[in-house]
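Report on the structure given below.
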Amino acid sequence: MGNKQTIFTQEQLDAYQDCTFFTRKEILRLFHRYRDLAPQLVPLDYSDKPAVTLPYELIGSMPELKDNPFRQRIAQVFSEHGDGNMTLDDFLDMFSVLSEMAPRDLKAYYAFKIYDFNNDDYICKSDLEKTVNKLTRNELTPEEVSLVCEKVIYEADVDNDGKLSLADFQHMIVRAPDFLSTFHIRI
Amino acid sequence: EDKEEDESKEEDSGSQQNRASRRKNYQRKNRNGKKAREEGNQKKDGGKTAPNKDQKESENKEKKTTKRGKEGENKQKKGRKNSTSSASSSSSDEESLSEEELAMLKEQVEQKKKLISTMRNKPWRMVKKLSVLREAQDFVEKFEGALGKGKGKKLYAYKMMMAKKWVKFKRDFENFKTQCIPWEMKIKEVESHFGSSVASYFIFLRWMYGVNLVLFGLIFGLVIIPEVLMGMPYGSLPRKTVPRAEQATAMDFSVLWDFEGYIKYSALFYGYYNNQRTIGWLKYRLPMAYFMVGISVFGYSLMVVIRSMARNANESTADGDDDNFIFSWKMFTSWDYLIGNPETADNKFASITTSFKESIVDEQESNKDENIHLRRFLRVLANVLIICCLCGSGYLIYFVVKRSQTFSKMQNVGWYERNEVEIVMSLLGMFCPPLFETIAALENYHPRIGLKWQLGRIFALFLGNLYTFLLALMDDVNEKLAEEDVVKNITHWTLLGHHNSSAGNDSTVTPAPLDPADVPRGPCWETTVGIEFVRLTVSDILVTYITILVGDFIRACFVRFVNYCWCWDLEAGFPSYAEFDISGNVLGLVFNQGMIWMGSFYAPGLVGINVLRLLTSMYFQCWAVMSSNVPHARVFKASKSNNFYMGLLLLILFLSLLPVAYTIMSLPPSFDCGPFSGKKRMYDVIQETIELDFPLFVAKIFSYLANPGLIIPAILLMVLTIYYLNAVSKAYQRANTELKKKMQMQREEEKNKRNNKASTNPMLQDLEDLLTPSAKTESPPKQVEDKKIESPNGSSPARKPGRGEALAGSPMVGGRGAAFTPPSPVFVTQPRTLGVRGPYPGQPRPWGHPLGPVPGRGRGQPFY
């Protein structure tokens with residue numbers, strides 16, 4: 001067994017295993033991925049919990065996130081202060097939620113946060129427009145974008161307040177056939 | 001530690017907090033009797049209704065009591081007899097209470113354990129998760145020991161470890177399984193560049209490959225290999241020898257290429273097999289095995305196709321109501337977070353854009369109508385044209401087949417004459433589909449429906465071709481059968497003559513047997529049919545590959561490299577790059593499989609050829625797609641049309657079963673070739689086996705079973721069962737649609753209601769929903785307690801009347817507006833509640849959190 005690792009204490013590893021969907025090996029691998037982003041910043045000993053934060057520029061340049069149009073939002077949602085800079089804990093959190101073992105409810109909650117660009121706990125029309133433009137790289141005309149947004153609100157807005165709440169979003173997303181398979185990053 | 005506990009209380013579900021406070025109540029009861037309970041209740045109340053400041057204060061107090069409680073518990077553990085001040089409670093009372101308390105504790109430990117195991121499902125920050133986890137673990141550790149669960153704890157840890165290992169094993173196994181699926185990465189690659197629709201073809205191809213491997217295993221394992229190992233060797237029998245006349249050219253490539261010569265007289269074809277009942281030291285019953293394998297090929301294929309169809313149907317009904325959220329799902333689930341490659345990402349962006357555009361077009365198209373008469377006229381015209389095409393191609397094939405029969409009688413005909421049928425069929429298959437597509441442009445259908453029509457028409461074309469080919473083949477077979485009678489006599493006389501001549505000599509004791517190559521043969525129609533199918537399959541393979549090479553690869557090269565010195569933009573203009581033709585490829589695959597099913601009985605080696613074909617075409621087509629095709633402009637969802645392909649396959653399977661069954665049941669087998677020679681019908685082999693190899697009663701049972709008097713009722717019963725099941729499923733379907741309609745209506749109603757009430761005050765209404773049930777259950781004791789305790793607590797005395805008013809007002813539905821307008825202190829908590837429930841003020845009940853029935857839940861704590 002690979003007990004020679006001195007990065008974490010045994011308790012830390014156990015705790016991380018309880019708090020994420022990863023095994024010991026995967027946690028260590030994730031740590032190394034994290035460290036590889038900035039080897040000079042991240043120490044090889046995490047047993048005393050050093051307060052290391054990596055800037056968003058490094059996180060967003062990971063190959064898993066590099067091509068994702070929502071990478072900034074993902075980093076912001078999972079970072080502690082909403083600025084996209086991440087500690088190791090945030091980093092583990094992020095990939096735990098996006099792993100294939102995470103349940104639908106958890107994924108839906110974070111998906112909602114990701115698509116809620118202005119952090120007002122609702123997905124309103126401006127959020128939807130941003131989403132569409134990111135998805136299509138601004139290739140739809142403004143009329144088409146607004147038509148799409150209106151259709152989305154018409155479909156998913158159960159309480160008719162003109163914006164999507166978390167409940168609306170969950171209600172819509174639990175029926176989506178490929179949500180689980182697409183909202184998922186393999187690492 | 002207190003802080004953490006505090007946090008956990010705040011973050012946990014309400015029931016747990018409730019339980020925690022109840023526990024405290026019990027502890028206090030132990031020590032202080034009634035007073036403590038009152039205090040606890042008061043605190044609960046305070047926690048719920050007092051303003052924030054108040055609540056914090058009370059929470060602090062609670063923390064202290066918790067500490068005290070824990071100390072108390074510890075003391076109790078040490079020595080229960082000298083418990084501090086149990087003035088009101090007797091010792092027996094205490095015993096029962098402590099037992100109760102034990103139960104409570106146990107329950108709580110269980111709760112914490114549950115919390116630990118579900119920690120990863122909580123949407124909290126890691127720091128919070130870690131601290132709550134540590135707290136819960138400490139708690140469990142402390143009290144599990146206290147409850148005398150030392151062994152249980154070990155067992156529990158062991159169990160947990162095993163559970164974790166099991167989960168890990170399962171995951172590894174899953175990974176292993178996915179790794180074992182062949183070409184997964186190749187298909188994923190194609191999928192990420194060309195979308196799921198193109199990938200669906202390759203998945204279909206892979207599935208087909210799997211089925212064919214099983215068929216290959218059956219036929220090779222049970223027929224060909226036993227024959228090669230244990231059967232009589234080549235040259236021992238007339239049927240296993242090339243006739244004298246052909247021997248000179250039997251090894252020429254041109255002859256072998258036509259599957260004549262040595263290939264014709266090999267184990268790959270029906271005619272090679274001997275009718276010996278048992279072969280080798282194993283006493284292997286080869287004719288019997290041959291027959292059973294021929295049947296089980298069809299049985300297995302039917303079973304597999306129907307099973308996968310049923311599974312697809314199950315899956316498609318699982319996500320049945322997806323018309324409601326077309327745009328939403330496109331918006332929120334279309335981006336695949338797995339994409340980690342810029343080129344794939346570009347493709348994905350493009351495909352999402354097109355799919356949005358497509359949906360927008362759909363949306364706009366459903367709202368407008370055009371000149372319906374012109375449209376109808378054009379559609380009728382298009383159908384007439386296509387029917388003309390179909391009839392023409394059918395006649396052409398019939399004509400060509402007839403001609404080829406005359407050619408086959410002539411000597412030294414050219415290459416073209418011999419392969420005319422295949423060439424014409426391949427040409428039709430190449431040029432008719434584009435023609436149909438051109439004609440279909442007249443109809444101006446919705447693209448999805450248009451694609452189905454296109455599939456149906458090409459299917460009809462291929463089917464017509466196939467059946468014309470089969471009819472011509474039947475003519476051929478009948479001719480051969482007539483010829484056979486003549487040859488049979490000749491053979492008989494030749495053998496007799498040879499025998500007589502050798503007997504007449506009577507110089508030697510054993511007359512030299514006639515060389516097997518010299519014996520006159522019957523035409524052996526079975527082998528002819530088999531060769532015909534093999535030839536057709538091979539030419540189909542070649543045409544497919546050449547089409548890909550020329551139509552895709554060379555075109556792509558031309559467009560790419562000549563573009564530098566051409567007058568117009570070749571890439572964007574006329575030739576451009578080819579798209580992958582999904583429907584044509586799938587239909588080609590389906591029909592090829594039909595050929596295999598039909599031909600495999602008379603040419604056991606055909607499945608081997610097909611396995612090779614599928615294997616090579618997997619790699620070849622993957623390469624061709626990746627190198628020379630461009631993604632579709634029109635992306636259609638693959639999951640829907642998958643069962644359509646399967647349906648076509650089932651139809652083809654059924655259609656190819658018919659001619660084989662006909663020939664087995666009603667044509668006499670050739671007299672001098674094949675495993676069934678000498679019998680009147682092929683199925684006699686079963687009767688023979690039953691009579692000779694089984695005890696008598698089995699034969700009797702079989703004869704009873706084969707009695708029409710039993711078969712007809714059995715069929716009748718099956719038909720009735722099908723009818724009944726069909727009726728039941730229809731009833732379920734109706735109920736389902738009814739329920740769907742009801743849900744839709746309810747949704748609309750809800751919407752309307754919300755709309756109407758939006759003018760009054762949704763917040764107040766929501767608040768009423770919150771208050772009514774809890775007030776009802778708790779009102780009498782609370783009122784009393786309020787009077788007693790709250791005034792010393794220092795909160796405003798205005799609370800009481802406010803409470804009372806609310807209680808009075810809540811049962812009356814109409815009077816709520818009036819009752820709620822005065823800003824009494826009860827509503828001081830309301831801003832907080834509303835803030836918490838902010839994300840969904842207008843949330844409808846069915847999927848909301850059950851707020852009403854549990855008092856104290858959903859109030860002082862945020863949801864997340």
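Ordering of the structure tokens sets the chain letters (A, B, ...); residue numbers start at 1 within each chain; ligands are numbered from 1 in the order shown.
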Please report, as JSON lines, each residue of range 50-125 of chain A lying at most 9 Å from range 30-38 of chain A, together with the nearest pair of atoms and the separation in Å rounded to one decimal; use only C-alpha atoms, and order rows by chain and ascending residue number.
```
{"residue": "A:Leu54", "atom": "CA", "partner": "A:Ala38", "partner_atom": "CA", "distance": 7.7}
{"residue": "A:Leu58", "atom": "CA", "partner": "A:Leu37", "partner_atom": "CA", "distance": 6.2}
{"residue": "A:Ile59", "atom": "CA", "partner": "A:Leu37", "partner_atom": "CA", "distance": 7.4}
{"residue": "A:Ser61", "atom": "CA", "partner": "A:Leu37", "partner_atom": "CA", "distance": 8.7}
{"residue": "A:Met62", "atom": "CA", "partner": "A:Leu37", "partner_atom": "CA", "distance": 8.0}
{"residue": "A:Leu88", "atom": "CA", "partner": "A:Tyr34", "partner_atom": "CA", "distance": 7.1}
{"residue": "A:Phe91", "atom": "CA", "partner": "A:Tyr34", "partner_atom": "CA", "distance": 7.6}
{"residue": "A:Leu92", "atom": "CA", "partner": "A:Leu30", "partner_atom": "CA", "distance": 7.3}
{"residue": "A:Phe95", "atom": "CA", "partner": "A:Leu30", "partner_atom": "CA", "distance": 8.7}
```
Could you find all residues in range 392-556 of chain B that DSSP calls alpha helix (DSSP H) from the backbone, and write them as an NGL selection string? :B and (392-409 or 415-418 or 420-443 or 447-505 or 525-547 or 555-556)
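DSSP secondary structure from the backbone places Leu54, Met86, Ile123 and Leu164 of chain A of chain A in strand (DSSP E or B).
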Pull N, CA and C atoms from the residues just selected and write them as a short mmCIF file (atom, residue, chain, number, x, y, z; two decimals), in the first residue's frame.
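Contents of the output file result.cif:
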```cif
data_model
loop_
_atom_site.label_atom_id
_atom_site.label_comp_id
_atom_site.auth_asym_id
_atom_site.auth_seq_id
_atom_site.Cartn_x
_atom_site.Cartn_y
_atom_site.Cartn_z
N LEU A 54 -4.95 29.46 -5.26
CA LEU A 54 -4.46 29.64 -6.62
C LEU A 54 -5.39 30.59 -7.36
N MET A 86 -9.02 29.64 -5.97
CA MET A 86 -9.43 28.43 -5.26
C MET A 86 -8.36 27.90 -4.33
N ILE A 123 -32.60 32.70 -11.92
CA ILE A 123 -32.08 32.80 -13.28
C ILE A 123 -33.04 33.69 -14.04
N LEU A 164 -36.55 32.13 -13.30
CA LEU A 164 -36.51 30.76 -12.81
C LEU A 164 -35.92 30.73 -11.40
#
```
I'd like a table as JSON lines: residues in chain B with an atom no more than 6 Å from chain A, each row giving the shortest atom pair and its distance in Å to one decimal, only C-alpha atoms counted, sorted by chain and rising residue number.
```
{"residue": "B:Met119", "atom": "CA", "partner": "A:Cys19", "partner_atom": "CA", "distance": 5.5}
{"residue": "B:Arg120", "atom": "CA", "partner": "A:Cys19", "partner_atom": "CA", "distance": 4.3}
{"residue": "B:Met126", "atom": "CA", "partner": "A:Asp89", "partner_atom": "CA", "distance": 5.6}
{"residue": "B:Phe325", "atom": "CA", "partner": "A:Glu155", "partner_atom": "CA", "distance": 5.8}
{"residue": "B:Phe327", "atom": "CA", "partner": "A:Val152", "partner_atom": "CA", "distance": 5.4}
{"residue": "B:Ser328", "atom": "CA", "partner": "A:Val152", "partner_atom": "CA", "distance": 4.9}
{"residue": "B:Thr333", "atom": "CA", "partner": "A:Phe179", "partner_atom": "CA", "distance": 5.1}
{"residue": "B:Asp336", "atom": "CA", "partner": "A:Thr182", "partner_atom": "CA", "distance": 4.4}
{"residue": "B:Tyr337", "atom": "CA", "partner": "A:Phe183", "partner_atom": "CA", "distance": 5.6}
{"residue": "B:Leu338", "atom": "CA", "partner": "A:Ile185", "partner_atom": "CA", "distance": 5.0}
{"residue": "B:Gly340", "atom": "CA", "partner": "A:Glu64", "partner_atom": "CA", "distance": 5.2}
{"residue": "B:Phe349", "atom": "CA", "partner": "A:Thr136", "partner_atom": "CA", "distance": 5.4}
{"residue": "B:Thr353", "atom": "CA", "partner": "A:Thr136", "partner_atom": "CA", "distance": 5.1}
{"residue": "B:Pro839", "atom": "CA", "partner": "A:Ser165", "partner_atom": "CA", "distance": 5.7}
{"residue": "B:Tyr840", "atom": "CA", "partner": "A:Ser165", "partner_atom": "CA", "distance": 5.9}
{"residue": "B:Gly842", "atom": "CA", "partner": "A:Asp159", "partner_atom": "CA", "distance": 5.6}
```
Restricted to C-alpha atoms, what would the selected residues look like written as an mmCIF file, in the first residue's frame?
```cif
data_model
loop_
_atom_site.group_PDB
_atom_site.id
_atom_site.type_symbol
_atom_site.label_atom_id
_atom_site.label_comp_id
_atom_site.auth_asym_id
_atom_site.auth_seq_id
_atom_site.Cartn_x
_atom_site.Cartn_y
_atom_site.Cartn_z
ATOM 1 C CA MET B 119 -21.854 14.286 4.106
ATOM 2 C CA ARG B 120 -20.614 14.294 0.556
ATOM 3 C CA MET B 126 -15.405 21.940 2.281
ATOM 4 C CA PHE B 325 -38.777 21.524 -22.072
ATOM 5 C CA PHE B 327 -35.533 24.953 -25.143
ATOM 6 C CA SER B 328 -34.742 24.632 -21.464
ATOM 7 C CA THR B 333 -27.912 20.388 -20.665
ATOM 8 C CA ASP B 336 -21.030 18.599 -22.539
ATOM 9 C CA TYR B 337 -18.671 19.376 -19.676
ATOM 10 C CA LEU B 338 -16.507 16.463 -20.700
ATOM 11 C CA GLY B 340 -11.636 19.034 -23.388
ATOM 12 C CA PHE B 349 -20.597 25.264 -30.316
ATOM 13 C CA THR B 353 -26.105 26.834 -32.556
ATOM 14 C CA PRO B 839 -35.707 31.658 -3.751
ATOM 15 C CA TYR B 840 -39.227 30.384 -4.110
ATOM 16 C CA GLY B 842 -44.506 31.299 -5.161
#
```
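Taking CA of Gly280 in chain B and CA of Val223 in chain B as the two end points, the separation is 13.2 Å.
Of note, CA of Ala441 in chain B and CA of Tyr395 in chain B are spaced 25.5 Å apart.
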If we count only C-alpha atoms, what is near range 236-240 of chain B at a cut-off of 9 Å, once residues fewer than 4 positions away on the same chain are taken out, given as a list in words? Met232, Tyr265, Ser266, Ala267, Gly271, Tyr272, Tyr273, Asn274, Asp515, Pro516, Ala517, Asp518, Val519, Pro520, Arg521, Asp672, Cys673 and Gly674 of chain B
